[in-house]
$ cat upload-v3.csv   # CSV, C-alpha atoms and all ligand atoms
chain,number,residue,atom,x,y,z
A,1,MET,CA,-75.8,-114.6,-154.4
A,2,ALA,CA,-72.8,-112.4,-153.8
A,3,THR,CA,-72.2,-109.5,-156.1
A,4,GLY,CA,-69.2,-107.3,-156.7
A,5,LEU,CA,-66.4,-109.3,-158.4
A,6,ILE,CA,-68.1,-110.0,-161.7
A,7,LEU,CA,-66.2,-111.6,-164.5
A,8,ALA,CA,-68.8,-110.4,-167.0
A,9,GLY,CA,-67.5,-109.1,-170.2
A,10,VAL,CA,-64.0,-110.3,-169.7
A,11,ALA,CA,-62.6,-111.9,-172.8
A,12,PHE,CA,-60.6,-115.1,-172.1
A,13,GLY,CA,-60.5,-116.3,-175.7
A,14,PRO,CA,-57.3,-117.0,-177.5
A,15,MET,CA,-58.1,-114.2,-179.8
A,16,GLY,CA,-58.1,-111.9,-176.8
A,17,CYS,CA,-61.3,-110.1,-177.9
A,18,ALA,CA,-65.0,-110.7,-177.5
A,19,GLY,CA,-66.6,-112.3,-180.5
A,20,PRO,CA,-70.2,-112.9,-181.4
A,21,VAL,CA,-72.2,-115.6,-179.5
A,22,GLU,CA,-71.5,-118.9,-181.1
A,23,THR,CA,-74.6,-120.8,-182.1
A,24,SER,CA,-73.1,-123.7,-184.1
A,25,ILE,CA,-73.5,-127.0,-182.2
A,26,ARG,CA,-70.5,-128.5,-184.0
A,27,PRO,CA,-67.7,-128.8,-181.5
A,28,GLY,CA,-64.5,-127.4,-182.8
A,29,ALA,CA,-66.0,-126.1,-186.0
A,30,ARG,CA,-64.5,-122.7,-185.3
A,31,PRO,CA,-61.8,-121.4,-183.0
A,32,ALA,CA,-63.3,-121.0,-179.5
A,33,GLY,CA,-63.8,-117.5,-178.3
A,34,GLY,CA,-66.4,-115.1,-177.1
A,35,PRO,CA,-66.9,-113.4,-173.8
A,36,VAL,CA,-67.3,-115.5,-170.6
A,37,SER,CA,-69.7,-114.1,-168.1
A,38,ILE,CA,-69.7,-115.9,-164.7
A,39,GLN,CA,-71.2,-114.8,-161.4
A,40,PRO,CA,-68.8,-115.3,-158.5
A,41,THR,CA,-69.4,-118.0,-155.9
A,42,ARG,CA,-68.8,-117.5,-152.2
A,43,ASN,CA,-65.3,-118.9,-152.6
A,44,ALA,CA,-62.7,-116.4,-153.9
A,45,GLY,CA,-60.0,-119.1,-154.5
A,46,PHE,CA,-62.5,-121.2,-156.5
A,47,ASP,CA,-63.5,-118.1,-158.5
A,48,GLN,CA,-59.9,-117.4,-159.4
A,49,TRP,CA,-59.5,-121.0,-160.4
A,50,ILE,CA,-62.6,-120.8,-162.6
A,51,ALA,CA,-61.2,-117.7,-164.4
A,52,GLY,CA,-57.9,-119.5,-165.2
A,53,PHE,CA,-59.8,-122.7,-166.2
A,54,THR,CA,-62.1,-120.9,-168.6
A,55,ALA,CA,-59.0,-119.6,-170.5
A,56,ARG,CA,-57.6,-123.2,-170.7
A,57,ALA,CA,-61.0,-124.5,-171.8
A,58,GLN,CA,-61.3,-122.0,-174.6
A,59,ASN,CA,-57.9,-123.1,-175.8
A,60,GLN,CA,-59.4,-126.6,-176.0
A,61,GLY,CA,-62.3,-125.6,-178.1
A,62,ILE,CA,-64.9,-124.7,-175.5
A,63,ARG,CA,-66.8,-121.5,-176.5
A,64,GLY,CA,-67.3,-118.6,-174.2
A,65,GLU,CA,-71.0,-118.9,-174.5
A,66,THR,CA,-70.8,-122.6,-173.5
A,67,LEU,CA,-68.7,-121.6,-170.4
A,68,SER,CA,-71.1,-118.8,-169.4
A,69,ARG,CA,-74.1,-121.2,-169.5
A,70,ALA,CA,-72.2,-124.1,-167.9
A,71,PHE,CA,-71.0,-122.0,-164.9
A,72,ALA,CA,-74.2,-120.1,-164.3
A,73,GLY,CA,-75.1,-121.0,-160.8
A,74,VAL,CA,-72.1,-123.2,-160.2
A,75,THR,CA,-71.2,-123.7,-156.5
A,76,TYR,CA,-68.2,-125.0,-154.6
A,77,ASP,CA,-69.2,-128.6,-153.8
A,78,GLU,CA,-68.0,-129.3,-150.2
A,79,ASP,CA,-69.6,-132.7,-150.2
A,80,ALA,CA,-67.5,-133.8,-153.1
A,81,ILE,CA,-64.3,-132.8,-151.3
A,82,ARG,CA,-65.3,-134.5,-148.1
A,83,ARG,CA,-66.0,-137.7,-149.9
A,84,ASP,CA,-62.9,-137.5,-152.0
A,85,ARG,CA,-60.8,-137.2,-148.9
A,86,SER,CA,-62.4,-139.9,-146.9
A,87,GLN,CA,-60.7,-143.3,-146.9
A,88,ALA,CA,-62.5,-146.3,-145.5
A,89,GLU,CA,-60.6,-147.7,-142.5
A,90,PHE,CA,-62.3,-151.1,-142.9
A,91,HIS,CA,-63.3,-152.6,-146.2
A,92,LYS,CA,-65.7,-155.4,-146.8
A,93,ALA,CA,-64.7,-159.0,-147.4
A,94,ILE,CA,-65.7,-160.0,-150.9
A,95,TRP,CA,-68.6,-162.2,-149.5
A,96,GLU,CA,-70.0,-159.2,-147.6
A,97,TYR,CA,-69.7,-157.0,-150.7
A,98,LEU,CA,-71.5,-159.6,-152.8
A,99,ASP,CA,-74.2,-160.1,-150.1
A,100,GLY,CA,-75.1,-156.4,-150.8
A,101,ALA,CA,-74.3,-156.2,-154.5
A,102,VAL,CA,-76.3,-159.3,-155.4
A,103,SER,CA,-79.0,-159.2,-152.7
A,104,THR,CA,-82.3,-161.0,-153.0
A,105,ALA,CA,-83.9,-157.6,-153.6
A,106,ARG,CA,-81.5,-156.6,-156.3
A,107,ILE,CA,-82.0,-159.9,-158.1
A,108,ALA,CA,-85.8,-159.5,-158.0
A,109,ASN,CA,-85.6,-155.9,-159.1
A,110,GLY,CA,-83.3,-156.9,-161.9
A,111,ARG,CA,-85.7,-159.6,-163.2
A,112,ASP,CA,-88.5,-157.0,-163.0
A,113,ALA,CA,-86.4,-154.4,-164.9
A,114,LEU,CA,-85.5,-156.9,-167.5
A,115,ALA,CA,-89.1,-157.9,-168.0
A,116,ARG,CA,-90.2,-154.3,-168.2
A,117,HIS,CA,-87.6,-153.3,-170.8
A,118,GLN,CA,-87.5,-156.7,-172.6
A,119,GLY,CA,-88.1,-155.2,-176.0
A,120,THR,CA,-85.5,-152.5,-175.7
A,121,LEU,CA,-82.9,-154.8,-174.1
A,122,SER,CA,-83.4,-157.4,-176.8
A,123,ALA,CA,-82.9,-154.8,-179.5
A,124,ILE,CA,-79.8,-153.7,-177.8
A,125,GLU,CA,-78.5,-157.2,-177.5
A,126,ALA,CA,-79.2,-157.8,-181.2
A,127,ARG,CA,-77.2,-154.8,-182.2
A,128,TYR,CA,-74.2,-155.0,-179.8
A,129,GLY,CA,-74.1,-158.7,-178.9
A,130,VAL,CA,-74.0,-158.1,-175.1
A,131,PRO,CA,-76.7,-160.2,-173.3
A,132,ALA,CA,-79.7,-158.2,-171.9
A,133,GLU,CA,-79.0,-159.6,-168.4
A,134,VAL,CA,-75.4,-158.4,-168.4
A,135,VAL,CA,-76.5,-154.8,-169.4
A,136,THR,CA,-79.3,-155.1,-166.8
A,137,ALA,CA,-76.7,-156.2,-164.1
A,138,VAL,CA,-74.5,-153.2,-164.8
A,139,TRP,CA,-77.6,-151.0,-164.5
A,140,GLY,CA,-78.4,-152.6,-161.2
A,141,MET,CA,-74.9,-152.2,-159.8
A,142,GLU,CA,-74.4,-148.6,-161.0
A,143,SER,CA,-77.7,-147.0,-160.1
A,144,ALA,CA,-80.1,-149.7,-158.6
A,145,TYR,CA,-81.8,-149.8,-162.0
A,146,GLY,CA,-82.0,-146.0,-162.3
A,147,ALA,CA,-83.2,-145.3,-158.8
A,148,MET,CA,-79.9,-143.8,-157.6
A,149,ARG,CA,-78.4,-141.9,-160.5
A,150,GLY,CA,-77.1,-139.1,-158.3
A,151,SER,CA,-78.3,-135.5,-158.0
A,152,SER,CA,-74.9,-133.7,-157.9
A,153,ASP,CA,-74.5,-130.8,-160.4
A,154,ILE,CA,-71.7,-132.3,-162.6
A,155,VAL,CA,-70.1,-129.0,-163.5
A,156,SER,CA,-70.0,-127.9,-159.8
A,157,SER,CA,-68.6,-131.3,-158.6
A,158,LEU,CA,-66.0,-131.6,-161.3
A,159,SER,CA,-64.9,-128.0,-161.0
A,160,THR,CA,-64.5,-128.3,-157.3
A,161,LEU,CA,-62.6,-131.6,-157.6
A,162,ALA,CA,-60.4,-130.1,-160.3
A,163,TYR,CA,-59.7,-127.0,-158.2
A,164,ASP,CA,-59.3,-128.6,-154.8
A,165,GLY,CA,-59.1,-132.4,-155.1
A,166,ARG,CA,-56.4,-134.9,-154.9
A,167,ARG,CA,-56.6,-135.7,-158.6
A,168,GLY,CA,-56.9,-132.3,-160.1
A,169,GLU,CA,-55.6,-133.2,-163.6
A,170,PHE,CA,-58.0,-136.1,-163.9
A,171,PHE,CA,-61.0,-134.1,-162.9
A,172,GLU,CA,-60.1,-131.1,-165.1
A,173,ALA,CA,-59.9,-133.5,-168.1
A,174,GLN,CA,-63.4,-134.8,-167.1
A,175,LEU,CA,-64.7,-131.3,-166.8
A,176,ILE,CA,-63.5,-130.4,-170.3
A,177,ALA,CA,-65.3,-133.5,-171.6
A,178,ALA,CA,-68.4,-132.5,-169.7
A,179,LEU,CA,-68.3,-129.0,-171.3
A,180,LYS,CA,-67.9,-130.7,-174.7
A,181,ILE,CA,-71.1,-132.6,-174.0
A,182,LEU,CA,-72.9,-129.4,-173.1
A,183,GLN,CA,-71.6,-127.7,-176.2
A,184,SER,CA,-72.9,-130.6,-178.3
A,185,GLY,CA,-76.4,-129.9,-177.1
A,186,ASP,CA,-77.1,-133.3,-175.7
A,187,VAL,CA,-78.2,-132.0,-172.3
A,188,ALA,CA,-78.7,-128.6,-170.6
A,189,PRO,CA,-76.2,-127.6,-168.0
A,190,ARG,CA,-78.3,-128.0,-164.9
A,191,SER,CA,-79.9,-131.2,-166.1
A,192,MET,CA,-76.4,-132.7,-166.3
A,193,THR,CA,-76.4,-134.5,-162.9
A,194,GLY,CA,-74.8,-137.5,-161.4
A,195,SER,CA,-72.5,-138.7,-158.6
A,196,TRP,CA,-70.3,-136.5,-156.6
A,197,ALA,CA,-67.3,-137.7,-158.6
A,198,GLY,CA,-68.8,-137.1,-162.1
A,199,ALA,CA,-70.4,-140.4,-163.0
A,200,MET,CA,-73.6,-139.7,-164.9
A,201,GLY,CA,-76.9,-141.3,-165.6
A,202,HIS,CA,-78.4,-144.8,-165.3
A,203,THR,CA,-75.1,-146.6,-165.9
A,204,GLN,CA,-72.8,-143.9,-164.4
A,205,PHE,CA,-70.7,-142.8,-167.4
A,206,MET,CA,-67.8,-140.5,-166.8
A,207,PRO,CA,-67.8,-137.6,-169.3
A,208,THR,CA,-64.8,-138.9,-171.3
A,209,SER,CA,-66.5,-142.3,-171.6
A,210,TYR,CA,-69.7,-140.6,-172.7
A,211,LEU,CA,-67.8,-138.8,-175.5
A,212,ASP,CA,-66.3,-142.0,-176.8
A,213,TYR,CA,-69.1,-144.5,-176.2
A,214,ALA,CA,-72.6,-142.9,-175.6
A,215,VAL,CA,-75.1,-143.6,-178.4
A,216,ASP,CA,-78.5,-142.3,-179.4
A,217,PHE,CA,-80.4,-145.6,-179.5
A,218,ARG,CA,-83.9,-144.0,-179.5
A,219,GLY,CA,-82.9,-141.9,-182.5
A,220,ASP,CA,-84.2,-138.6,-181.3
A,221,GLY,CA,-80.9,-136.8,-182.0
A,222,ARG,CA,-79.7,-136.6,-178.4
A,223,ARG,CA,-77.6,-139.1,-176.4
A,224,ASP,CA,-79.7,-138.9,-173.3
A,225,ILE,CA,-78.4,-140.9,-170.4
A,226,TRP,CA,-79.9,-138.7,-167.8
A,227,SER,CA,-83.7,-138.9,-168.4
A,228,ASP,CA,-86.0,-141.4,-166.7
A,229,ASP,CA,-86.1,-143.4,-170.0
A,230,PRO,CA,-83.0,-145.7,-169.7
A,231,THR,CA,-82.8,-146.6,-173.4
A,232,ASP,CA,-79.8,-144.5,-174.5
A,233,ALA,CA,-77.9,-145.3,-171.2
A,234,LEU,CA,-78.4,-149.1,-171.6
A,235,ALA,CA,-77.4,-149.0,-175.3
A,236,SER,CA,-74.4,-146.9,-174.4
A,237,THR,CA,-73.3,-149.5,-171.9
A,238,ALA,CA,-73.7,-152.3,-174.4
A,239,ASN,CA,-71.7,-150.3,-176.9
A,240,TYR,CA,-69.0,-149.6,-174.3
A,241,LEU,CA,-68.7,-153.4,-173.6
A,242,ALA,CA,-68.8,-154.3,-177.2
A,243,LYS,CA,-66.1,-151.8,-178.2
A,244,HIS,CA,-63.9,-153.2,-175.4
A,245,GLY,CA,-64.1,-156.6,-177.0
A,246,TRP,CA,-67.2,-158.4,-175.6
A,247,ASN,CA,-67.2,-161.9,-177.1
A,248,ARG,CA,-70.7,-163.0,-178.1
A,249,GLY,CA,-71.8,-166.2,-176.6
A,250,GLN,CA,-69.0,-166.4,-174.0
A,251,PRO,CA,-69.8,-166.4,-170.3
A,252,TRP,CA,-67.9,-164.1,-168.0
A,253,ALA,CA,-67.1,-167.0,-165.8
A,254,VAL,CA,-68.3,-170.5,-164.8
A,255,GLU,CA,-68.1,-171.6,-161.2
A,256,VAL,CA,-65.8,-174.7,-160.9
A,257,VAL,CA,-64.7,-177.2,-158.3
A,258,LEU,CA,-60.9,-177.7,-158.0
A,259,PRO,CA,-59.6,-181.3,-157.2
A,260,GLN,CA,-57.9,-182.1,-153.9
A,261,GLY,CA,-54.3,-181.0,-154.0
A,262,PHE,CA,-54.8,-178.6,-156.9
A,263,ASP,CA,-51.7,-176.5,-157.3
A,264,ALA,CA,-52.6,-173.0,-156.2
A,265,ALA,CA,-49.7,-171.6,-158.3
A,266,LEU,CA,-51.9,-172.3,-161.4
A,267,THR,CA,-54.6,-169.9,-160.2
A,268,GLY,CA,-54.6,-166.2,-161.1
A,269,LYS,CA,-55.2,-164.2,-164.3
A,270,GLU,CA,-51.7,-164.7,-165.7
A,271,THR,CA,-52.2,-168.5,-166.3
A,272,LYS,CA,-54.5,-169.1,-169.2
A,273,ARG,CA,-55.5,-172.6,-170.5
A,274,ARG,CA,-58.4,-174.0,-172.5
A,275,PRO,CA,-61.2,-175.6,-170.5
A,276,SER,CA,-60.2,-179.0,-171.8
A,277,ASP,CA,-56.7,-178.5,-170.4
A,278,TRP,CA,-58.2,-177.5,-167.1
A,279,ALA,CA,-60.5,-180.6,-167.2
A,280,ARG,CA,-57.4,-182.8,-167.6
A,281,LEU,CA,-56.1,-181.3,-164.3
A,282,GLY,CA,-59.4,-182.3,-162.6
A,283,VAL,CA,-61.2,-179.0,-162.8
A,284,ARG,CA,-64.9,-179.6,-163.0
A,285,SER,CA,-68.0,-177.4,-163.5
A,286,VAL,CA,-69.8,-177.0,-160.2
A,287,SER,CA,-72.8,-178.6,-161.8
A,288,GLY,CA,-70.7,-181.8,-162.5
A,289,GLY,CA,-69.4,-182.0,-166.1
A,290,SER,CA,-66.5,-180.3,-167.7
A,291,VAL,CA,-66.7,-176.7,-168.8
A,292,PRO,CA,-67.5,-176.2,-172.5
A,293,ASP,CA,-64.7,-174.7,-174.5
A,294,HIS,CA,-65.5,-170.9,-174.6
A,295,GLY,CA,-61.8,-170.1,-175.2
A,296,GLN,CA,-58.8,-169.4,-173.0
A,297,ALA,CA,-59.6,-169.3,-169.3
A,298,SER,CA,-58.0,-168.6,-165.9
A,299,ILE,CA,-58.9,-169.9,-162.5
A,300,LEU,CA,-59.7,-167.2,-160.0
A,301,ILE,CA,-60.0,-167.9,-156.2
A,302,PRO,CA,-61.1,-164.5,-154.9
A,303,ALA,CA,-61.2,-165.6,-151.2
A,304,GLY,CA,-58.2,-168.0,-151.3
A,305,ILE,CA,-57.9,-171.7,-151.8
A,306,ASN,CA,-60.6,-172.4,-149.2
A,307,GLY,CA,-63.3,-170.4,-151.0
A,308,PRO,CA,-65.2,-170.6,-154.3
A,309,ALA,CA,-63.3,-171.0,-157.6
A,310,LEU,CA,-64.3,-169.4,-160.9
A,311,MET,CA,-63.1,-170.2,-164.4
A,312,ILE,CA,-63.0,-166.8,-165.9
A,313,PHE,CA,-63.0,-166.0,-169.7
A,314,ASP,CA,-62.0,-162.9,-171.6
A,315,ASN,CA,-65.4,-161.3,-171.0
A,316,PHE,CA,-64.3,-161.0,-167.3
A,317,ARG,CA,-61.6,-158.6,-168.5
A,318,VAL,CA,-64.1,-156.7,-170.6
A,319,ILE,CA,-66.3,-156.0,-167.5
A,320,GLU,CA,-63.1,-154.9,-165.8
A,321,ARG,CA,-63.1,-151.9,-168.2
A,322,TYR,CA,-66.1,-150.6,-166.3
A,323,ASN,CA,-64.4,-151.1,-162.9
A,324,SER,CA,-61.3,-153.1,-162.4
A,325,ALA,CA,-62.0,-154.5,-158.9
A,326,ASP,CA,-62.5,-158.2,-159.0
A,327,ALA,CA,-65.3,-157.9,-156.5
A,328,TYR,CA,-67.1,-155.5,-158.9
A,329,VAL,CA,-66.7,-157.8,-161.9
A,330,ILE,CA,-67.9,-160.8,-160.0
A,331,GLY,CA,-70.8,-158.7,-158.7
A,332,VAL,CA,-71.9,-157.8,-162.2
A,333,GLY,CA,-71.3,-161.3,-163.6
A,334,HIS,CA,-73.0,-163.1,-160.8
A,335,LEU,CA,-75.9,-160.7,-160.7
A,336,SER,CA,-76.4,-161.2,-164.5
A,337,ASP,CA,-76.4,-165.0,-163.9
A,338,ARG,CA,-79.0,-164.6,-161.1
A,339,ILE,CA,-81.2,-162.3,-163.2
A,340,ALA,CA,-81.0,-165.0,-166.0
A,341,GLY,CA,-82.3,-167.6,-163.5
A,342,SER,CA,-79.1,-169.3,-162.1
A,343,GLY,CA,-78.7,-170.1,-158.5
A,344,PRO,CA,-76.3,-168.7,-155.9
A,345,ILE,CA,-72.5,-169.4,-155.8
A,346,ARG,CA,-72.2,-172.9,-154.4
A,347,GLY,CA,-68.7,-172.8,-153.0
A,348,ALA,CA,-68.6,-171.8,-149.3
A,349,TRP,CA,-67.0,-168.4,-148.6
A,350,PRO,CA,-64.6,-168.4,-145.6
A,351,ARG,CA,-67.0,-166.2,-143.6
A,352,GLY,CA,-64.9,-166.7,-140.4
A,353,GLU,CA,-62.1,-164.8,-141.9
A,354,ARG,CA,-61.7,-161.3,-140.6
A,355,PRO,CA,-61.0,-158.6,-143.2
A,356,LEU,CA,-57.9,-156.6,-142.5
A,357,ALA,CA,-58.2,-153.0,-141.5
A,358,LEU,CA,-56.4,-150.3,-143.4
A,359,THR,CA,-53.5,-150.1,-141.0
A,360,GLU,CA,-53.1,-153.9,-141.2
A,361,ARG,CA,-53.2,-153.9,-145.0
A,362,LYS,CA,-50.5,-151.2,-145.0
A,363,GLU,CA,-48.4,-153.2,-142.5
A,364,LEU,CA,-48.9,-156.3,-144.7
A,365,GLN,CA,-47.5,-154.4,-147.7
A,366,GLU,CA,-44.6,-153.0,-145.7
A,367,ARG,CA,-43.6,-156.4,-144.4
A,368,LEU,CA,-43.9,-158.0,-147.8
A,369,THR,CA,-41.7,-155.3,-149.3
A,370,LEU,CA,-39.2,-155.5,-146.5
A,371,ALA,CA,-39.0,-159.3,-147.1
A,372,GLY,CA,-38.1,-158.7,-150.7
A,373,PHE,CA,-41.6,-159.1,-152.3
A,374,SER,CA,-42.5,-155.6,-153.6
A,375,THR,CA,-46.1,-154.6,-153.5
A,376,GLY,CA,-45.5,-151.5,-155.7
A,377,GLY,CA,-46.1,-149.1,-152.9
A,378,VAL,CA,-47.9,-149.0,-149.5
A,379,ASP,CA,-51.4,-147.7,-150.0
A,380,GLY,CA,-53.5,-150.2,-148.2
A,381,LYS,CA,-55.2,-151.4,-151.4
A,382,ILE,CA,-55.0,-155.0,-152.2
A,383,GLY,CA,-54.5,-154.9,-155.9
A,384,PRO,CA,-52.7,-157.2,-158.5
A,385,ASP,CA,-49.2,-156.2,-157.2
A,386,THR,CA,-50.0,-157.0,-153.6
A,387,THR,CA,-51.7,-160.3,-154.5
A,388,ALA,CA,-48.6,-161.3,-156.6
A,389,ALA,CA,-46.3,-160.4,-153.8
A,390,ILE,CA,-48.3,-162.5,-151.3
A,391,ARG,CA,-48.2,-165.4,-153.7
A,392,GLN,CA,-44.4,-165.2,-154.1
A,393,TRP,CA,-44.0,-164.9,-150.4
A,394,GLN,CA,-46.3,-167.9,-149.7
A,395,ARG,CA,-44.3,-170.0,-152.2
A,396,SER,CA,-41.1,-169.0,-150.5
A,397,VAL,CA,-42.3,-170.2,-147.1
A,398,GLY,CA,-44.0,-173.4,-148.4
A,399,LEU,CA,-47.6,-172.2,-148.2
A,400,ALA,CA,-50.2,-172.8,-150.9
A,401,PRO,CA,-49.8,-169.6,-153.0
A,402,ASP,CA,-53.4,-168.4,-153.2
A,403,GLY,CA,-52.5,-164.7,-152.8
A,404,PHE,CA,-55.3,-164.1,-150.3
A,405,ALA,CA,-54.6,-161.3,-147.9
A,406,SER,CA,-55.7,-163.0,-144.7
A,407,ALA,CA,-55.1,-162.2,-141.0
A,408,ALA,CA,-53.1,-165.5,-141.0
A,409,VAL,CA,-50.7,-164.2,-143.7
A,410,LEU,CA,-50.1,-161.0,-141.7
A,411,ALA,CA,-49.6,-163.0,-138.5
A,412,LYS,CA,-47.0,-165.2,-140.1
A,413,LEU,CA,-45.2,-162.2,-141.7
A,414,ARG,CA,-44.9,-160.7,-138.2
B,1,CA,CA,-81.8,-140.3,-177.6
$ encode --input "upload-v3.csv" --output "structure tokens"
Amino acid sequence: MATGLILAGVAFGPMGCAGPVETSIRPGARPAGGPVSIQPTRNAGFDQWIAGFTARAQNQGIRGETLSRAFAGVTYDEDAIRRDRSQAEFHKAIWEYLDGAVSTARIANGRDALARHQGTLSAIEARYGVPAEVVTAVWGMESAYGAMRGSSDIVSSLSTLAYDGRRGEFFEAQLIAALKILQSGDVAPRSMTGSWAGAMGHTQFMPTSYLDYAVDFRGDGRRDIWSDDPTDALASTANYLAKHGWNRGQPWAVEVVLPQGFDAALTGKETKRRPSDWARLGVRSVSGGSVPDHGQASILIPAGINGPALMIFDNFRVIERYNSADAYVIGVGHLSDRIAGSGPIRGAWPRGERPLALTERKELQERLTLAGFSTGGVDGKIGPDTTAAIRQWQRSVGLAPDGFASAAVLAKLR
């Protein structure tokens, strides 16, 4: 380790003087202060940023002693920056994504995990109302049931991204939250590990989510989402979903079959009807009958009118709070169904369709915007705005408005 520029003994506190070492574990119980002592890293710019940051952190209630412990041994995380700057040229079609997310191995491992932790997951389901297989599916998607929790040092990664990343403000807020966690005593600094972007533990909580939703389900006084024992992490996930409005007894979605000539304009999350209303329009459960009335529902066709159709309920929107990508939500939902014993999605994915490359997705957005159908920017991400623009354009040229960003749509726009 380099020596020389040592920040030891420098008081950054709002009081401007060194105070006694704080020992209270109550965050915010006293004004933050105290000396901050941090060894320099090999990156002078990073060191300078840390010095400025520690002053800002103390103004937000982080004590000098906490900062000294948190930054002891911190390094500039080049891996985090490289990953943050990389943007995939090609992205997977949803069926390719689901092949991996809901693979045979992940289903089998999920059933094993559920069986192994049945008692804990049943107790969690009883308290929070979120089915054991849904919590297990999130666990499987986020860390392969605990096998891939990430080994990045959270303070190092978040500091680096806050200093040098594209989204400095976001990561600085996450870093402050991480320091509050350390200050509360739930975990020791170097045991606070996770993904390069700050997601921690079995179900990959960001620090701000941890502060708001993590629970001590084991009752040992610490909210421990990092240890091999997944109990607190799984309960925290159930609490997160419950607090975001999980409806007991409601499925996330039911696969349906649309009748011939179904109006694609009725698909999409904006249109909500009761299952009985959808039944009157000829929408049937894939298993034959009509879908039971679980509440208001929308029809989602994630691969266009020629692919599978899902009747989605409000719980779909609750899973979105974990990750808002449709593919992710369908991955969690479908994995939970498979863990519970259901079969594969029956509708055929249009596997002959070629997913658009980044340059093509951007061109699609440019051409739609030029044609008067705004995609809310040109970033190559097919989100709700782009999907809506495709639908409006399809309607304007007399195509079935399914909103699917296909190579055929781009070809016709050209
Ligand atoms: Ca605990």
$ residues_near_ligand --input "upload-v3.csv" --ligand "ligand CA 1 (chain B)" --cutoff "7 Å" --atoms "all atoms listed in the file" --output "PyMOL selection string"
chain A and resi 216-224+232
$ write_last_selection --input "upload-v3.csv" --atoms "C-alpha atoms" --output "PDB file, in the coordinates of the input"
ATOM      1  CA  ASP A 216     -78.500-142.300-179.400  1.00  0.00           C
ATOM      2  CA  PHE A 217     -80.400-145.600-179.500  1.00  0.00           C
ATOM      3  CA  ARG A 218     -83.900-144.000-179.500  1.00  0.00           C
ATOM      4  CA  GLY A 219     -82.900-141.900-182.500  1.00  0.00           C
ATOM      5  CA  ASP A 220     -84.200-138.600-181.300  1.00  0.00           C
ATOM      6  CA  GLY A 221     -80.900-136.800-182.000  1.00  0.00           C
ATOM      7  CA  ARG A 222     -79.700-136.600-178.400  1.00  0.00           C
ATOM      8  CA  ARG A 223     -77.600-139.100-176.400  1.00  0.00           C
ATOM      9  CA  ASP A 224     -79.700-138.900-173.300  1.00  0.00           C
ATOM     10  CA  ASP A 232     -79.800-144.500-174.500  1.00  0.00           C
TER      11      ASP A 232
END
$ residues_around --input "upload-v3.csv" --residues "Gly282 (chain A)" --least-positions-apart "4" --cutoff "8 Å" --atoms "only C-alpha atoms" --output "list of chain:residue names"
A:Leu258, A:Pro259, A:Trp278
$ closest_residue --input "upload-v3.csv" --among "A:Asp402, A:Trp196, A:Ala173, A:Gly150" --to "Phe262 (chain A)" --atoms "all atoms listed in the file"
A:Asp402
$ atom_distance --input "upload-v3.csv" --atom1 "CA of Ile94 (chain A)" --atom2 "CA of Asp326 (chain A)"
8.9 Å
$ residues_around --input "upload-v3.csv" --residues "Arg85 (chain A)" --least-positions-apart "2" --cutoff "12 Å" --atoms "only C-alpha atoms" --output "VMD selection string"
chain A and resid 78 to 83 87 to 88 161 164 to 167 197
$ residues_around --input "upload-v3.csv" --residues "Ala265 (chain A)" --least-positions-apart "4" --cutoff "8 Å" --atoms "only C-alpha atoms" --output "PyMOL selection string"
chain A and resi 391+400-402
$ residues_around --input "upload-v3.csv" --residues "Tyr213 (chain A)" --least-positions-apart "4" --cutoff "10 Å" --atoms "all atoms listed in the file" --output "compact mmCIF listing (two decimals) with C-alpha atoms, in the coordinates of the input"
# COMPACT_ATOMS: atom_id res chain seq x y z
CA PHE A 205 -70.70 -142.80 -167.40
CA PRO A 207 -67.80 -137.60 -169.30
CA THR A 208 -64.80 -138.90 -171.30
CA SER A 209 -66.50 -142.30 -171.60
CA ALA A 235 -77.40 -149.00 -175.30
CA SER A 236 -74.40 -146.90 -174.40
CA THR A 237 -73.30 -149.50 -171.90
CA ALA A 238 -73.70 -152.30 -174.40
CA ASN A 239 -71.70 -150.30 -176.90
CA TYR A 240 -69.00 -149.60 -174.30
CA LEU A 241 -68.70 -153.40 -173.60
CA ALA A 242 -68.80 -154.30 -177.20
CA LYS A 243 -66.10 -151.80 -178.20
$ closest_residue --input "upload-v3.csv" --among "A:Asn247, A:Ser374, A:Ser143, A:Ser227" --to "Ile319 (chain A)" --atoms "only C-alpha atoms"
A:Asn247
$ residues_around --input "upload-v3.csv" --residues "Glu320 (chain A)" --least-positions-apart "2" --cutoff "12 Å" --atoms "all atoms listed in the file" --output "ChimeraX atom specification"
/A:138,240-241,244-246,252,312-318,322-333
$ closest_residue --input "upload-v3.csv" --among "A:Thr369, A:Gln260, A:Ser184, A:Gln250" --to "Leu413 (chain A)" --atoms "all atoms listed in the file"
A:Thr369
$ atom_distance --input "upload-v3.csv" --atom1 "CA of Ala388 (chain A)" --atom2 "CA of Gly268 (chain A)"
9.0 Å
$ atom_distance --input "upload-v3.csv" --atom1 "CA of Asp77 (chain A)" --atom2 "CA of Ile154 (chain A)"
9.9 Å
$ closest_residue --input "upload-v3.csv" --among "A:Arg346, A:Arg63, A:Arg354, A:Arg56" --to "Val36 (chain A)" --atoms "only C-alpha atoms"
A:Arg63
$ closest_residue --input "upload-v3.csv" --among "A:Thr136, A:Gly288, A:Leu175, A:Asp385" --to "Asp337 (chain A)" --atoms "only C-alpha atoms"
A:Thr136
$ closest_residue --input "upload-v3.csv" --among "A:Ser159, A:Ser68, A:Gln39, A:Thr267" --to "Leu182 (chain A)" --atoms "all atoms listed in the file"
A:Ser68
$ residues_near_point --input "upload-v3.csv" --point "(-65.6, -177.9, -156.0)" --cutoff "8 Å" --atoms "all atoms listed in the file" --output "list in words"
Val256, Val257, Leu258, Pro259, Arg284, Ser285, Val286, Pro308, Ala309 and Gly347 of chain A
